[in-house]
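Student: Structure file work21.pdb (PDB, C-alpha atoms and all ligand atoms) is given on the next line.
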ATOM      1  CA  MET A   1      -0.796   1.454  -1.475
ATOM      2  CA  ASN A   2       0.449   2.307  -5.002
ATOM      3  CA  ILE A   3       1.369  -0.604  -7.273
ATOM      4  CA  ILE A   4       2.886  -0.912 -10.756
ATOM      5  CA  LEU A   5       2.135  -3.965 -12.906
ATOM      6  CA  PHE A   6       4.806  -4.191 -15.521
ATOM      7  CA  GLY A   7       5.400  -6.591 -18.403
ATOM      8  CA  PRO A   8       4.839  -7.296 -22.103
ATOM      9  CA  PRO A   9       1.429  -7.111 -23.789
ATOM     10  CA  GLY A  10      -0.564 -10.201 -22.845
ATOM     11  CA  ALA A  11       1.324 -10.776 -19.582
ATOM     12  CA  GLY A  12      -1.881 -10.583 -17.547
ATOM     13  CA  LYS A  13      -1.423  -7.079 -16.121
ATOM     14  CA  GLY A  14      -5.081  -6.141 -16.652
ATOM     15  CA  THR A  15      -6.373  -9.316 -14.994
ATOM     16  CA  GLN A  16      -4.169  -8.878 -11.923
ATOM     17  CA  ALA A  17      -4.957  -5.142 -11.805
ATOM     18  CA  LYS A  18      -8.668  -5.927 -11.561
ATOM     19  CA  TYR A  19      -7.966  -8.354  -8.715
ATOM     20  CA  LEU A  20      -5.851  -5.749  -6.899
ATOM     21  CA  VAL A  21      -8.542  -3.101  -7.308
ATOM     22  CA  LYS A  22     -10.964  -5.337  -5.394
ATOM     23  CA  LYS A  23      -8.430  -6.414  -2.813
ATOM     24  CA  THR A  24      -7.033  -2.985  -1.982
ATOM     25  CA  ASN A  25     -10.084  -0.880  -2.818
ATOM     26  CA  GLY A  26      -7.893   0.822  -5.379
ATOM     27  CA  PHE A  27      -8.203   2.328  -8.860
ATOM     28  CA  GLN A  28      -6.940   0.627 -12.005
ATOM     29  CA  ILE A  29      -5.011   3.009 -14.231
ATOM     30  CA  SER A  30      -4.811   1.353 -17.609
ATOM     31  CA  THR A  31      -3.361   3.819 -20.101
ATOM     32  CA  GLY A  32      -4.589   1.479 -22.861
ATOM     33  CA  ASP A  33      -8.198   1.834 -21.588
ATOM     34  CA  LEU A  34      -7.804   5.600 -21.125
ATOM     35  CA  LEU A  35      -6.565   5.880 -24.709
ATOM     36  CA  ARG A  36      -9.391   3.692 -26.045
ATOM     37  CA  ASN A  37     -11.836   6.033 -24.277
ATOM     38  CA  GLU A  38     -10.212   9.004 -26.001
ATOM     39  CA  ILE A  39     -10.671   7.260 -29.360
ATOM     40  CA  LYS A  40     -14.409   6.898 -28.678
ATOM     41  CA  LYS A  41     -14.661  10.702 -28.362
ATOM     42  CA  ASN A  42     -13.790  10.946 -32.083
ATOM     43  CA  SER A  43     -11.465  13.910 -31.466
ATOM     44  CA  GLU A  44      -8.313  14.844 -33.418
ATOM     45  CA  THR A  45      -6.283  13.397 -30.530
ATOM     46  CA  GLY A  46      -8.333  10.202 -30.832
ATOM     47  CA  LYS A  47      -7.373   9.891 -34.498
ATOM     48  CA  ARG A  48      -3.663  10.252 -33.670
ATOM     49  CA  ILE A  49      -4.024   7.640 -30.944
ATOM     50  CA  ILE A  50      -5.710   5.009 -33.118
ATOM     51  CA  GLU A  51      -3.091   5.376 -35.862
ATOM     52  CA  ASN A  52      -0.290   4.596 -33.412
ATOM     53  CA  MET A  53      -2.178   1.855 -31.603
ATOM     54  CA  ASN A  54      -3.118  -0.058 -34.739
ATOM     55  CA  ASP A  55       0.459   0.189 -35.934
ATOM     56  CA  GLY A  56       1.748  -1.408 -32.709
ATOM     57  CA  LYS A  57       3.513   1.835 -31.760
ATOM     58  CA  PHE A  58       3.407   3.860 -28.571
ATOM     59  CA  VAL A  59       1.166   6.869 -28.251
ATOM     60  CA  SER A  60       3.172  10.054 -27.552
ATOM     61  CA  ASP A  61       4.332  10.777 -24.005
ATOM     62  CA  GLU A  62       2.607  14.148 -24.243
ATOM     63  CA  ILE A  63      -0.836  12.508 -24.581
ATOM     64  CA  VAL A  64      -0.235   9.657 -22.134
ATOM     65  CA  ASN A  65       1.406  11.764 -19.431
ATOM     66  CA  SER A  66      -1.403  14.314 -19.472
ATOM     67  CA  LEU A  67      -3.967  11.527 -18.919
ATOM     68  CA  ILE A  68      -1.910  10.183 -16.020
ATOM     69  CA  GLU A  69      -1.362  13.553 -14.403
ATOM     70  CA  LYS A  70      -5.090  14.143 -13.977
ATOM     71  CA  ILE A  71      -5.464  10.864 -12.088
ATOM     72  CA  ILE A  72      -2.446  11.231  -9.815
ATOM     73  CA  SER A  73      -3.565  14.697  -8.759
ATOM     74  CA  ASN A  74      -7.039  13.393  -7.830
ATOM     75  CA  PRO A  75      -7.108  13.301  -3.975
ATOM     76  CA  GLN A  76      -9.709  10.481  -3.939
ATOM     77  CA  LYS A  77      -7.308   8.165  -5.761
ATOM     78  CA  ARG A  78      -4.317   9.049  -3.603
ATOM     79  CA  GLU A  79      -2.313   5.996  -2.381
ATOM     80  CA  LYS A  80      -4.760   3.741  -4.248
ATOM     81  CA  LEU A  81      -3.153   3.685  -7.667
ATOM     82  CA  ILE A  82      -2.822   0.397  -9.556
ATOM     83  CA  PHE A  83      -0.827   1.120 -12.714
ATOM     84  CA  ASP A  84      -1.459  -1.248 -15.616
ATOM     85  CA  GLY A  85       0.541  -0.485 -18.760
ATOM     86  CA  TYR A  86       2.197   2.653 -17.438
ATOM     87  CA  PRO A  87       5.059   3.493 -17.363
ATOM     88  CA  ARG A  88       6.227   1.911 -20.598
ATOM     89  CA  SER A  89       9.334   3.999 -21.315
ATOM     90  CA  LEU A  90      12.138   5.435 -19.235
ATOM     91  CA  SER A  91      10.822   8.972 -19.720
ATOM     92  CA  GLN A  92       7.377   7.869 -18.482
ATOM     93  CA  ALA A  93       8.974   6.167 -15.457
ATOM     94  CA  LYS A  94      10.813   9.381 -14.595
ATOM     95  CA  ASN A  95       7.667  11.432 -15.149
ATOM     96  CA  LEU A  96       5.788   9.132 -12.770
ATOM     97  CA  GLU A  97       8.450   9.493 -10.061
ATOM     98  CA  LEU A  98       8.224  13.260 -10.365
ATOM     99  CA  LEU A  99       4.410  13.383 -10.267
ATOM    100  CA  LEU A 100       4.313  11.070  -7.256
ATOM    101  CA  SER A 101       6.991  12.906  -5.313
ATOM    102  CA  ASN A 102       5.239  16.221  -6.056
ATOM    103  CA  SER A 103       2.175  14.826  -4.325
ATOM    104  CA  ASN A 104       4.150  13.126  -1.518
ATOM    105  CA  GLN A 105       3.472   9.615  -2.727
ATOM    106  CA  GLU A 106       5.615   6.665  -3.723
ATOM    107  CA  ILE A 107       5.358   3.282  -5.387
ATOM    108  CA  ASN A 108       5.026   0.508  -2.803
ATOM    109  CA  PHE A 109       5.268  -2.506  -5.120
ATOM    110  CA  ILE A 110       6.476  -3.123  -8.661
ATOM    111  CA  PHE A 111       5.458  -6.507 -10.062
ATOM    112  CA  PHE A 112       7.131  -7.595 -13.275
ATOM    113  CA  LEU A 113       5.081 -10.310 -15.009
ATOM    114  CA  ASN A 114       7.614 -11.964 -17.264
ATOM    115  CA  VAL A 115       6.290 -14.004 -20.220
ATOM    116  CA  ASP A 116       7.883 -15.453 -23.347
ATOM    117  CA  LYS A 117       6.859 -14.371 -26.865
ATOM    118  CA  GLU A 118       5.119 -17.660 -27.827
ATOM    119  CA  THR A 119       2.835 -17.599 -24.761
ATOM    120  CA  ILE A 120       1.966 -13.965 -25.475
ATOM    121  CA  ILE A 121       0.972 -14.678 -29.078
ATOM    122  CA  LYS A 122      -1.296 -17.560 -27.995
ATOM    123  CA  ARG A 123      -2.929 -15.468 -25.249
ATOM    124  CA  ILE A 124      -3.522 -12.413 -27.399
ATOM    125  CA  GLU A 125      -5.065 -14.498 -30.193
ATOM    126  CA  LYS A 126      -7.516 -15.838 -27.594
ATOM    127  CA  ARG A 127      -8.215 -12.326 -26.244
ATOM    128  CA  LYS A 128      -8.956 -11.082 -29.772
ATOM    129  CA  ILE A 129     -11.902 -13.501 -29.930
ATOM    130  CA  ILE A 130     -13.253 -12.334 -26.555
ATOM    131  CA  GLU A 131     -12.573  -8.573 -26.633
ATOM    132  CA  ASN A 132     -12.319  -7.951 -30.409
ATOM    133  CA  ARG A 133      -9.567  -5.347 -30.000
ATOM    134  CA  SER A 134      -8.364  -3.894 -33.313
ATOM    135  CA  ASP A 135      -4.699  -4.139 -32.228
ATOM    136  CA  ASP A 136      -4.847  -7.826 -31.280
ATOM    137  CA  ASP A 137      -4.020  -9.366 -34.688
ATOM    138  CA  VAL A 138      -0.780 -11.335 -35.059
ATOM    139  CA  ASN A 139       1.114  -8.673 -37.041
ATOM    140  CA  THR A 140       0.292  -5.947 -34.546
ATOM    141  CA  ILE A 141       1.107  -8.262 -31.637
ATOM    142  CA  LEU A 142       4.579  -8.862 -33.071
ATOM    143  CA  LYS A 143       5.112  -5.106 -33.526
ATOM    144  CA  ARG A 144       3.852  -4.415 -30.006
ATOM    145  CA  TYR A 145       6.239  -7.039 -28.661
ATOM    146  CA  ASP A 146       9.166  -5.451 -30.567
ATOM    147  CA  THR A 147       8.177  -2.007 -29.258
ATOM    148  CA  TYR A 148       8.088  -3.472 -25.748
ATOM    149  CA  MET A 149      11.538  -5.040 -26.123
ATOM    150  CA  LYS A 150      13.064  -1.798 -27.412
ATOM    151  CA  THR A 151      11.387   0.800 -25.245
ATOM    152  CA  THR A 152      10.206  -0.981 -22.157
ATOM    153  CA  LYS A 153      13.328  -3.008 -21.354
ATOM    154  CA  PRO A 154      15.230   0.109 -20.150
ATOM    155  CA  VAL A 155      12.364   0.654 -17.681
ATOM    156  CA  LEU A 156      13.026  -2.833 -16.379
ATOM    157  CA  ASN A 157      16.669  -1.963 -15.721
ATOM    158  CA  PHE A 158      15.516   1.174 -13.910
ATOM    159  CA  TYR A 159      13.017  -0.638 -11.648
ATOM    160  CA  SER A 160      14.859  -3.912 -11.077
ATOM    161  CA  LYS A 161      17.371  -2.116  -8.846
ATOM    162  CA  LYS A 162      14.625  -1.008  -6.467
ATOM    163  CA  PRO A 163      13.979  -3.013  -3.272
ATOM    164  CA  ASN A 164      10.224  -3.221  -3.896
ATOM    165  CA  PHE A 165      10.656  -4.825  -7.354
ATOM    166  CA  HIS A 166       9.458  -8.418  -7.709
ATOM    167  CA  GLU A 167       9.649 -10.619 -10.796
ATOM    168  CA  ILE A 168       6.846 -13.169 -11.214
ATOM    169  CA  ASP A 169       6.541 -15.892 -13.851
ATOM    170  CA  GLY A 170       3.693 -14.538 -15.973
ATOM    171  CA  ALA A 171       3.264 -17.860 -17.793
ATOM    172  CA  LEU A 172       1.721 -19.330 -14.619
ATOM    173  CA  GLU A 173      -2.049 -19.701 -14.215
ATOM    174  CA  ILE A 174      -3.964 -16.562 -13.158
ATOM    175  CA  ASP A 175      -4.582 -17.828  -9.593
ATOM    176  CA  GLU A 176      -0.950 -18.799  -9.124
ATOM    177  CA  ILE A 177       0.196 -15.306 -10.119
ATOM    178  CA  THR A 178      -2.389 -13.779  -7.786
ATOM    179  CA  ASN A 179      -1.128 -15.942  -4.907
ATOM    180  CA  LYS A 180       2.431 -14.807  -5.512
ATOM    181  CA  ILE A 181       1.381 -11.148  -5.558
ATOM    182  CA  ASP A 182      -0.631 -11.671  -2.363
ATOM    183  CA  ALA A 183       2.379 -13.221  -0.634
ATOM    184  CA  PHE A 184       4.297  -9.951  -1.106
ATOM    185  CA  ILE A 185       1.437  -7.620  -0.262
ATOM    186  CA  ASP A 186       0.058  -9.465   2.741
ATOM    187  CA  VAL A 187       3.125  -9.175   4.977
TER
HETATM  188  P1  LIG B   1      -2.632  -1.961 -23.643
HETATM  189  O1  LIG B   1      -4.115  -1.916 -23.532
HETATM  190  O2  LIG B   1      -1.924  -1.635 -22.371
HETATM  191  O3  LIG B   1      -2.140  -3.267 -24.252
HETATM  192  O4  LIG B   1      -2.208  -0.808 -24.683
HETATM  193  C1  LIG B   1      -2.672  -0.804 -26.007
HETATM  194  C2  LIG B   1      -1.913   0.222 -26.833
HETATM  195  O5  LIG B   1      -2.138   1.533 -26.286
HETATM  196  C3  LIG B   1      -0.403   0.058 -26.847
HETATM  197  O6  LIG B   1       0.035  -0.886 -27.816
HETATM  198  C4  LIG B   1       0.032   1.500 -27.196
HETATM  199  O7  LIG B   1      -0.201   1.791 -28.562
HETATM  200  C5  LIG B   1      -0.948   2.321 -26.377
HETATM  201  N1  LIG B   1      -0.449   2.565 -24.988
HETATM  202  C6  LIG B   1      -0.942   2.048 -23.830
HETATM  203  N2  LIG B   1      -0.250   2.481 -22.766
HETATM  204  C7  LIG B   1       0.720   3.307 -23.264
HETATM  205  C8  LIG B   1       1.772   4.040 -22.667
HETATM  206  N3  LIG B   1       1.993   4.020 -21.341
HETATM  207  N4  LIG B   1       2.573   4.772 -23.491
HETATM  208  C9  LIG B   1       2.373   4.807 -24.821
HETATM  209  N5  LIG B   1       1.412   4.118 -25.463
HETATM  210  C10 LIG B   1       0.580   3.363 -24.693
END
With the file now loaded, output its structure as structure tokens.
Ligand code: AMP

Tutor:
Amino acid sequence: MNIILFGPPGAGKGTQAKYLVKKTNGFQISTGDLLRNEIKKNSETGKRIIENMNDGKFVSDEIVNSLIEKIISNPQKREKLIFDGYPRSLSQAKNLELLLSNSNQEINFIFFLNVDKETIIKRIEKRKIIENRSDDDVNTILKRYDTYMKTTKPVLNFYSKKPNFHEIDGALEIDEITNKIDAFIDV
């Protein structure tokens, strides 16, 4: 089963992805985590990534798509992909469709966790204390939210027409969101 978790920063995609990994024996594909790993390598690419991330901007499709491609082509992860934070733009969504169809796979569920701006700001401020992420300060959060609204909304229009698209209120408690996801998956 391949699943996309879609929504603004702080919507709870990572939390639900971790739950789904356990439930489905799948693999979480967090492009944010993959990019943070690249930064740790201290490479030239890592330097480009951190500049964009700390400015609340997207990292280039070229970098992100190449990270994704390696995972999709891995036969051990086939049909077990839990996407968290990818795709984030229409070109990434189209790239994903192409990569999946090239390997005879499809997306089985798209869950859109919808949350308002105020809830996001409160959640990310809390996460900053726990995870100490450099891009979790209020200014960067606001920029990330604006980037989401501009670039990620067209992805929403693209996916919302699909029959396996489900919108869930992301302001609910973690367990309530999990229950709603389960209700779709468990049929
Ligand atoms: P996340 O951990 O998903 O909140 O992502 C943190 C940051 O990594 C984002 O604000 C972007 O700068 C970058 N990033 C993560 N995923 C993507 C993506 N699919 N495309 C472009 N940039 C991304």

Student: Counting only C-alpha atoms, figure out which residue out of A:Tyr159, A:Tyr145, A:Pro75, A:Leu35 gets nearest to Glu97 in chain A.

Tutor: A:Tyr159

Student: Produce a table with one row for each residue of range 87-185 of chain A that has an atom at most 6 Å from any atom of range 1-4 of chain A, each row naming the nearest atom pair and its distance in Å at one decimal; use only C-alpha atoms; arrange rows by chain and rising residue number; format as CSV.

Tutor:
residue,atom,partner,partner_atom,distance
A:Ile107,CA,A:Asn2,CA,5.0
A:Asn108,CA,A:Asn2,CA,5.4
A:Phe109,CA,A:Ile3,CA,4.8
A:Ile110,CA,A:Ile4,CA,4.7

Student: Figure out the distance between CA of Gly85 in chain A and CA of Leu172 in chain A, please, to one decimal in Å.

Tutor: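 Separating CA of Leu172 in chain A from CA of Gly85 in chain A is a distance of 19.3 Å.
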
Student: Can you build me a table of chain A residues sitting at most 9 Å from ligand LIG 1 (chain B), with the closest atom pair per residue and its distance in Å to one decimal, using all atoms listed in the file, sorted by chain and residue number, as JSON lines?

Tutor:
{"residue": "A:Pro8", "atom": "CA", "partner": "B:LIG1", "partner_atom": "O3", "distance": 8.3}
{"residue": "A:Pro9", "atom": "CA", "partner": "B:LIG1", "partner_atom": "O3", "distance": 5.3}
{"residue": "A:Gly10", "atom": "CA", "partner": "B:LIG1", "partner_atom": "O3", "distance": 7.2}
{"residue": "A:Lys13", "atom": "CA", "partner": "B:LIG1", "partner_atom": "O2", "distance": 8.3}
{"residue": "A:Gly14", "atom": "CA", "partner": "B:LIG1", "partner_atom": "O2", "distance": 7.9}
{"residue": "A:Ser30", "atom": "CA", "partner": "B:LIG1", "partner_atom": "O2", "distance": 6.3}
{"residue": "A:Thr31", "atom": "CA", "partner": "B:LIG1", "partner_atom": "N2", "distance": 4.3}
{"residue": "A:Gly32", "atom": "CA", "partner": "B:LIG1", "partner_atom": "O1", "distance": 3.5}
{"residue": "A:Asp33", "atom": "CA", "partner": "B:LIG1", "partner_atom": "O1", "distance": 5.9}
{"residue": "A:Leu34", "atom": "CA", "partner": "B:LIG1", "partner_atom": "C6", "distance": 8.2}
{"residue": "A:Leu35", "atom": "CA", "partner": "B:LIG1", "partner_atom": "O5", "distance": 6.4}
{"residue": "A:Arg36", "atom": "CA", "partner": "B:LIG1", "partner_atom": "O5", "distance": 7.6}
{"residue": "A:Ile49", "atom": "CA", "partner": "B:LIG1", "partner_atom": "O7", "distance": 7.4}
{"residue": "A:Ile50", "atom": "CA", "partner": "B:LIG1", "partner_atom": "O7", "distance": 7.8}
{"residue": "A:Glu51", "atom": "CA", "partner": "B:LIG1", "partner_atom": "O7", "distance": 8.6}
{"residue": "A:Asn52", "atom": "CA", "partner": "B:LIG1", "partner_atom": "O7", "distance": 5.6}
{"residue": "A:Met53", "atom": "CA", "partner": "B:LIG1", "partner_atom": "O7", "distance": 3.6}
{"residue": "A:Asn54", "atom": "CA", "partner": "B:LIG1", "partner_atom": "O7", "distance": 7.1}
{"residue": "A:Asp55", "atom": "CA", "partner": "B:LIG1", "partner_atom": "O7", "distance": 7.6}
{"residue": "A:Gly56", "atom": "CA", "partner": "B:LIG1", "partner_atom": "O6", "distance": 5.2}
{"residue": "A:Lys57", "atom": "CA", "partner": "B:LIG1", "partner_atom": "O7", "distance": 4.9}
{"residue": "A:Phe58", "atom": "CA", "partner": "B:LIG1", "partner_atom": "N5", "distance": 3.7}
{"residue": "A:Val59", "atom": "CA", "partner": "B:LIG1", "partner_atom": "N5", "distance": 3.9}
{"residue": "A:Ser60", "atom": "CA", "partner": "B:LIG1", "partner_atom": "C9", "distance": 6.0}
{"residue": "A:Asp61", "atom": "CA", "partner": "B:LIG1", "partner_atom": "N4", "distance": 6.3}
{"residue": "A:Ile63", "atom": "CA", "partner": "B:LIG1", "partner_atom": "C9", "distance": 8.3}
{"residue": "A:Val64", "atom": "CA", "partner": "B:LIG1", "partner_atom": "N4", "distance": 5.8}
{"residue": "A:Asn65", "atom": "CA", "partner": "B:LIG1", "partner_atom": "N3", "distance": 8.0}
{"residue": "A:Asp84", "atom": "CA", "partner": "B:LIG1", "partner_atom": "O2", "distance": 6.8}
{"residue": "A:Gly85", "atom": "CA", "partner": "B:LIG1", "partner_atom": "O2", "distance": 4.5}
{"residue": "A:Tyr86", "atom": "CA", "partner": "B:LIG1", "partner_atom": "N3", "distance": 4.1}
{"residue": "A:Pro87", "atom": "CA", "partner": "B:LIG1", "partner_atom": "N3", "distance": 5.1}
{"residue": "A:Arg88", "atom": "CA", "partner": "B:LIG1", "partner_atom": "N3", "distance": 4.8}
{"residue": "A:Ser89", "atom": "CA", "partner": "B:LIG1", "partner_atom": "N4", "distance": 7.1}
{"residue": "A:Gln92", "atom": "CA", "partner": "B:LIG1", "partner_atom": "N3", "distance": 7.2}
{"residue": "A:Asp135", "atom": "CA", "partner": "B:LIG1", "partner_atom": "O6", "distance": 7.2}
{"residue": "A:Asp136", "atom": "CA", "partner": "B:LIG1", "partner_atom": "O3", "distance": 8.8}
{"residue": "A:Thr140", "atom": "CA", "partner": "B:LIG1", "partner_atom": "O6", "distance": 8.4}
{"residue": "A:Ile141", "atom": "CA", "partner": "B:LIG1", "partner_atom": "O6", "distance": 8.4}
{"residue": "A:Lys143", "atom": "CA", "partner": "B:LIG1", "partner_atom": "O6", "distance": 8.7}
{"residue": "A:Arg144", "atom": "CA", "partner": "B:LIG1", "partner_atom": "O6", "distance": 5.6}
{"residue": "A:Tyr145", "atom": "CA", "partner": "B:LIG1", "partner_atom": "O6", "distance": 8.8}
{"residue": "A:Thr147", "atom": "CA", "partner": "B:LIG1", "partner_atom": "O6", "distance": 8.3}
{"residue": "A:Tyr148", "atom": "CA", "partner": "B:LIG1", "partner_atom": "O6", "distance": 8.7}

Student: Quick check on the file I pasted: which residues fall under the PyMOL selection byres (((chain A and resi 119) around 12) and not hetatm)? Write them as a PyMOL selection string.

Tutor: chain A and resi 8-12+114-118+120-126+141+145+169-173

Student: I'd like the interatomic distance between CA of Ser103 in chain A and CA of Glu79 in chain A, to a tenth of an Å.

Tutor: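 Straight-line distance from CA of Ser103 in chain A to CA of Glu79 in chain A works out to 10.1 Å.
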
Student: By how many Å are CA of Leu113 in chain A and CA of Phe158 in chain A apart?

Tutor: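 Separation of CA of Leu113 in chain A and CA of Phe158 in chain A: 15.6 Å.
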
Student: Excluding Lys80 in chain A and residues on its chain fewer than 6 positions from it, collect all residues at most 12 Å away from it, counting all atoms listed in the file, and give them as a PDB file with C-alpha atoms, keeping the file's coordinate frame.

Tutor:
ATOM      1  CA  MET A   1      -0.796   1.454  -1.475  1.00  0.00           C
ATOM      2  CA  ASN A   2       0.449   2.307  -5.002  1.00  0.00           C
ATOM      3  CA  ILE A   3       1.369  -0.604  -7.273  1.00  0.00           C
ATOM      4  CA  ILE A   4       2.886  -0.912 -10.756  1.00  0.00           C
ATOM      5  CA  ALA A  17      -4.957  -5.142 -11.805  1.00  0.00           C
ATOM      6  CA  LEU A  20      -5.851  -5.749  -6.899  1.00  0.00           C
ATOM      7  CA  VAL A  21      -8.542  -3.101  -7.308  1.00  0.00           C
ATOM      8  CA  LYS A  22     -10.964  -5.337  -5.394  1.00  0.00           C
ATOM      9  CA  LYS A  23      -8.430  -6.414  -2.813  1.00  0.00           C
ATOM     10  CA  THR A  24      -7.033  -2.985  -1.982  1.00  0.00           C
ATOM     11  CA  ASN A  25     -10.084  -0.880  -2.818  1.00  0.00           C
ATOM     12  CA  GLY A  26      -7.893   0.822  -5.379  1.00  0.00           C
ATOM     13  CA  PHE A  27      -8.203   2.328  -8.860  1.00  0.00           C
ATOM     14  CA  GLN A  28      -6.940   0.627 -12.005  1.00  0.00           C
ATOM     15  CA  ILE A  29      -5.011   3.009 -14.231  1.00  0.00           C
ATOM     16  CA  ILE A  71      -5.464  10.864 -12.088  1.00  0.00           C
ATOM     17  CA  ILE A  72      -2.446  11.231  -9.815  1.00  0.00           C
ATOM     18  CA  SER A  73      -3.565  14.697  -8.759  1.00  0.00           C
ATOM     19  CA  ASN A  74      -7.039  13.393  -7.830  1.00  0.00           C
ATOM     20  CA  GLN A 105       3.472   9.615  -2.727  1.00  0.00           C
ATOM     21  CA  GLU A 106       5.615   6.665  -3.723  1.00  0.00           C
ATOM     22  CA  ILE A 107       5.358   3.282  -5.387  1.00  0.00           C
ATOM     23  CA  ASN A 108       5.026   0.508  -2.803  1.00  0.00           C
ATOM     24  CA  PHE A 109       5.268  -2.506  -5.120  1.00  0.00           C
TER      25      PHE A 109
END

Student: Using all atoms listed in the file, pick whichever of A:Tyr19, A:Gly7, A:Ser101, A:Thr45 has the shortest atom-to-atom distance to Asp182 in chain A.

Tutor: A:Tyr19
